[in-house]
Amino acid sequence: MKKKIQIAAGFALAAYLIWALFKNTDWRAVGEALRDARPGWLALAFALVFVTFVTRVFRWGYIVRTAQPVSFRAMFGATQIGFLANFTLPGRVGEVIRALALARLTRLTFSRCFAFVALDRVTDLVGLIATLLITIVFFNPAEPIPLEDFGITIQPAFIRWGAISTGGALLGIIACFVLLYVNKDLAMRIVDATLGRAAPGIGARLRGMVEQFADGMHIFKSAGDMARAVGWSLVTWAIGTACYFSVLQAFSIDAPWYTAVVVMAFLALAISIPSTPGFVGPFHLAIVAALMVVAPETNLDVAKAAALMAHLVNVIPVWIAGGVCLYTENLGLFELRRESAHMAEE
């Protein structure tokens with residue numbers, strides 16, 4: 001029931017964001033902007049998305065290989081099937097399905113695969129922190145920024161301190177994983193002393209999760225593998241930024257060089273909120289809001305057209321690659337969804 005309420009709330013939020021963002025849209029102007037978009041830059045954006053599929057697997061490979069050799073095909077298939085789940089199914093179940101798919105394609109246990117997925121997300125956070133750092137250093141608005149369609153005004157301090165606090169929270173998450181490897185017993189005592197006393201049921205379940213993650217922390221035994229995984233994370237985020245830069249160029253949006261970096265930062269925060277499959281609503285709002293705060297002179301309808309195209313640039317490759325992987329690996333998305341729900345409850 002709680003899961004259903006969260007899904008319903010996500011759909012309601014997305015519906016409101018779509019209505020608020022597009023309620024005063026001149027769709028003729030949006031259509032003209034889409035027709036006038038430069039195809040060469042759009043083709044480059046599509047190509048860069050496919051490149052990130054490969055770099056993500058390279059990053060994950062330095063984690064997964066600590067358990068046993070795993071083929072590129074298995075890791076690529078699991079990753080793309082997980083992406084497809086996030087862009088197709090409600091509830092942000094992609095990461096669980098990714099772990100389950102890898103377990104089905106290898107001899108690894110689900111708990112081990114889930115730990116590897118969690119570690120991959122930790123290395124991904126390094127790229128996000130770098131993006132937030134660039135945003136803090138180069139984007140320093142001096143005046144309040146009005147978002148008229150939403151009836152709100154963003155204060156400069158809100159952007160700066162929002163980025164700083166988010167970065168601090170992400171560093172805290174990374175520190176927790178490091179503590180888990182350095183001193184597993186201490187991490188267990190902290191769980192027992194906090195949730196173990198306040199909520200024994202939740203504490204026992206969390207303890208089990210912590211033990212599962214600890215089993216997958218082998219990557220920290222190799223500083224070289226960890227550095228390479230972090231390096232591929234930075235490469236992946238850089239290519240993603242280049243993708244959005246290409247979209248902005250396709251629509252001839254004149255904005256500072258760091259605009260694509262701010263777009264990435266806004267997107268990362270927006271899609272972390274539970275919403276509809278494919279992040280419809282928060283995704284579009286993040287791009288339009290980023291353009292309005294960095295380059296407020298940008299035509300709003302052109303910004304909306306760019307947001308719609310940027311979403312397609314991400315969705316279409318995910319559907320193509322995910323569908324091909326499901327077919328070649330003889331797996332069913334809804335079957336994985338049912339099994340992953342059962343695994344998550346155990």
# chains A, B, ... in the order shown; residues from 1 in each chain; ligands from 1
$ closest_atom_pairs --of "segment 241-343 of chain A" --to "segment 4-18 of chain A" --cutoff "9 Å" --atoms "only C-alpha atoms" --output "CSV"
residue,atom,partner,partner_atom,distance
A:Ile273,CA,A:Gly10,CA,7.9
A:Pro274,CA,A:Gly10,CA,5.3
A:Ser275,CA,A:Gly10,CA,3.7
A:Thr276,CA,A:Phe11,CA,5.3
A:Pro277,CA,A:Phe11,CA,8.9
A:Phe279,CA,A:Ala14,CA,8.0
A:Val280,CA,A:Ala14,CA,6.5
A:Gly281,CA,A:Ala14,CA,4.8
A:Pro282,CA,A:Ala14,CA,6.5
A:His284,CA,A:Ile18,CA,8.1
A:Leu285,CA,A:Leu17,CA,7.1
$ select_by_dssp --residues "segment 27-74 of chain A" --states "alpha helix (DSSP H)" --output "MDAnalysis selection string"
chainID A and resid 27:36 39:64 72:74
$ residues_around --residues "Val288 of chain A" --least-positions-apart "2" --cutoff "9 Å" --atoms "only C-alpha atoms" --output "PyMOL selection string"
chain A and resi 21+263+283-286+290-293+300+303-304+306-307
$ write_last_selection --atoms "N, CA, C and O atoms" --output "CSV table (one decimal), in the first residue's frame"
chain,number,residue,atom,x,y,z
A,21,LEU,N,4.2,23.8,-16.4
A,21,LEU,CA,5.3,24.2,-17.3
A,21,LEU,C,4.7,24.5,-18.7
A,21,LEU,O,5.2,25.4,-19.4
A,263,VAL,N,22.6,22.4,-16.4
A,263,VAL,CA,21.5,21.5,-16.8
A,263,VAL,C,21.7,20.2,-16.2
A,263,VAL,O,20.7,19.6,-15.6
A,283,PHE,N,12.0,16.0,-15.6
A,283,PHE,CA,13.0,16.1,-16.6
A,283,PHE,C,12.9,17.4,-17.4
A,283,PHE,O,13.9,18.2,-17.5
A,284,HIS,N,11.7,17.7,-17.9
A,284,HIS,CA,11.5,18.9,-18.7
A,284,HIS,C,11.6,20.1,-17.8
A,284,HIS,O,12.2,21.1,-18.3
A,285,LEU,N,11.1,20.1,-16.6
A,285,LEU,CA,11.2,21.3,-15.8
A,285,LEU,C,12.6,21.6,-15.5
A,285,LEU,O,13.0,22.8,-15.5
A,286,ALA,N,13.4,20.6,-15.2
A,286,ALA,CA,14.8,20.9,-14.8
A,286,ALA,C,15.6,21.6,-16.0
A,286,ALA,O,16.3,22.5,-15.7
A,290,ALA,N,16.8,25.4,-15.6
A,290,ALA,CA,18.3,25.7,-15.8
A,290,ALA,C,18.5,26.8,-16.8
A,290,ALA,O,19.4,27.7,-16.6
A,291,LEU,N,17.9,26.7,-17.9
A,291,LEU,CA,18.1,27.7,-19.0
A,291,LEU,C,17.6,29.1,-18.5
A,291,LEU,O,18.2,30.1,-18.8
A,292,MET,N,16.5,29.1,-17.8
A,292,MET,CA,15.9,30.4,-17.4
A,292,MET,C,16.8,31.0,-16.3
A,292,MET,O,16.9,32.3,-16.2
A,293,VAL,N,17.5,30.2,-15.5
A,293,VAL,CA,18.3,30.9,-14.4
A,293,VAL,C,19.7,31.2,-14.9
A,293,VAL,O,20.3,32.2,-14.5
A,300,LEU,N,11.3,31.3,-24.1
A,300,LEU,CA,10.7,30.2,-23.3
A,300,LEU,C,10.2,29.1,-24.1
A,300,LEU,O,10.4,27.9,-23.7
A,303,ALA,N,13.1,27.1,-25.2
A,303,ALA,CA,13.6,26.3,-24.1
A,303,ALA,C,12.8,25.0,-23.9
A,303,ALA,O,13.3,23.9,-23.7
A,304,LYS,N,11.5,25.2,-24.0
A,304,LYS,CA,10.6,24.0,-23.9
A,304,LYS,C,10.8,23.0,-25.0
A,304,LYS,O,10.8,21.8,-24.8
A,306,ALA,N,13.6,22.5,-26.6
A,306,ALA,CA,14.9,21.9,-26.3
A,306,ALA,C,14.7,20.8,-25.2
A,306,ALA,O,15.3,19.7,-25.3
A,307,ALA,N,13.8,21.1,-24.2
A,307,ALA,CA,13.6,20.1,-23.2
A,307,ALA,C,12.9,18.9,-23.7
A,307,ALA,O,13.2,17.8,-23.4
$ closest_residue --among "A:Arg228, A:Arg337, A:His311, A:Arg35" --to "Arg59 of chain A" --atoms "only C-alpha atoms"
A:Arg228
$ residues_around --residues "Phe72 of chain A" --least-positions-apart "6" --cutoff "10 Å" --atoms "only C-alpha atoms" --output "ChimeraX atom specification"
/A:54,57-58,60-61,78
$ write_last_selection --atoms "all heavy atoms" --output "tab-separated table (two decimals), in the first residue's frame"
chain	number	residue	atom	x	y	z
A	54	VAL	N	28.25	2.65	-23.01
A	54	VAL	CA	29.49	1.87	-22.98
A	54	VAL	C	30.37	2.28	-21.80
A	54	VAL	O	30.91	1.43	-21.08
A	54	VAL	CB	30.25	2.01	-24.31
A	54	VAL	CG1	31.59	1.27	-24.25
A	54	VAL	CG2	29.40	1.49	-25.47
A	57	VAL	N	29.34	0.86	-18.50
A	57	VAL	CA	29.72	-0.54	-18.32
A	57	VAL	C	31.20	-0.66	-17.97
A	57	VAL	O	31.60	-1.46	-17.12
A	57	VAL	CB	29.40	-1.35	-19.59
A	57	VAL	CG1	29.90	-2.79	-19.45
A	57	VAL	CG2	27.90	-1.36	-19.84
A	58	PHE	N	32.05	0.16	-18.61
A	58	PHE	CA	33.47	0.17	-18.24
A	58	PHE	C	33.64	0.50	-16.76
A	58	PHE	O	34.44	-0.12	-16.06
A	58	PHE	CB	34.23	1.20	-19.09
A	58	PHE	CG	34.43	0.79	-20.53
A	58	PHE	CD1	34.77	1.73	-21.48
A	58	PHE	CD2	34.27	-0.52	-20.92
A	58	PHE	CE1	34.96	1.36	-22.81
A	58	PHE	CE2	34.46	-0.91	-22.24
A	58	PHE	CZ	34.80	0.04	-23.19
A	60	TRP	N	31.41	0.15	-14.31
A	60	TRP	CA	30.87	-0.93	-13.48
A	60	TRP	C	31.76	-2.16	-13.52
A	60	TRP	O	31.84	-2.91	-12.56
A	60	TRP	CB	29.46	-1.27	-13.96
A	60	TRP	CG	28.62	-2.00	-12.95
A	60	TRP	CD1	28.74	-1.94	-11.59
A	60	TRP	CD2	27.53	-2.87	-13.22
A	60	TRP	NE1	27.79	-2.72	-11.01
A	60	TRP	CE2	27.03	-3.31	-11.98
A	60	TRP	CE3	26.92	-3.31	-14.39
A	60	TRP	CZ2	25.94	-4.17	-11.88
A	60	TRP	CZ3	25.84	-4.17	-14.29
A	60	TRP	CH2	25.36	-4.59	-13.06
A	61	GLY	N	32.45	-2.35	-14.64
A	61	GLY	CA	33.30	-3.53	-14.79
A	61	GLY	C	34.39	-3.61	-13.75
A	61	GLY	O	34.76	-4.71	-13.31
A	78	ALA	N	22.46	-6.13	-18.51
A	78	ALA	CA	21.84	-5.81	-17.22
A	78	ALA	C	21.64	-4.32	-17.05
A	78	ALA	O	20.60	-3.86	-16.57
A	78	ALA	CB	22.71	-6.37	-16.09
$ closest_residue --among "A:Ile320, A:Ala20, A:Ala193, A:Leu44" --to "Gly240 of chain A" --atoms "only C-alpha atoms"
A:Leu44
$ closest_residue --among "A:Ala321, A:Phe50, A:Phe87, A:Val247" --to "Ile287 of chain A" --atoms "only C-alpha atoms"
A:Val247
$ residues_around --residues "Cys325 of chain A" --least-positions-apart "5" --cutoff "12 Å" --atoms "only C-alpha atoms" --output "ChimeraX atom specification"
/A:73-84,98,101-102,105,318-320,330-333
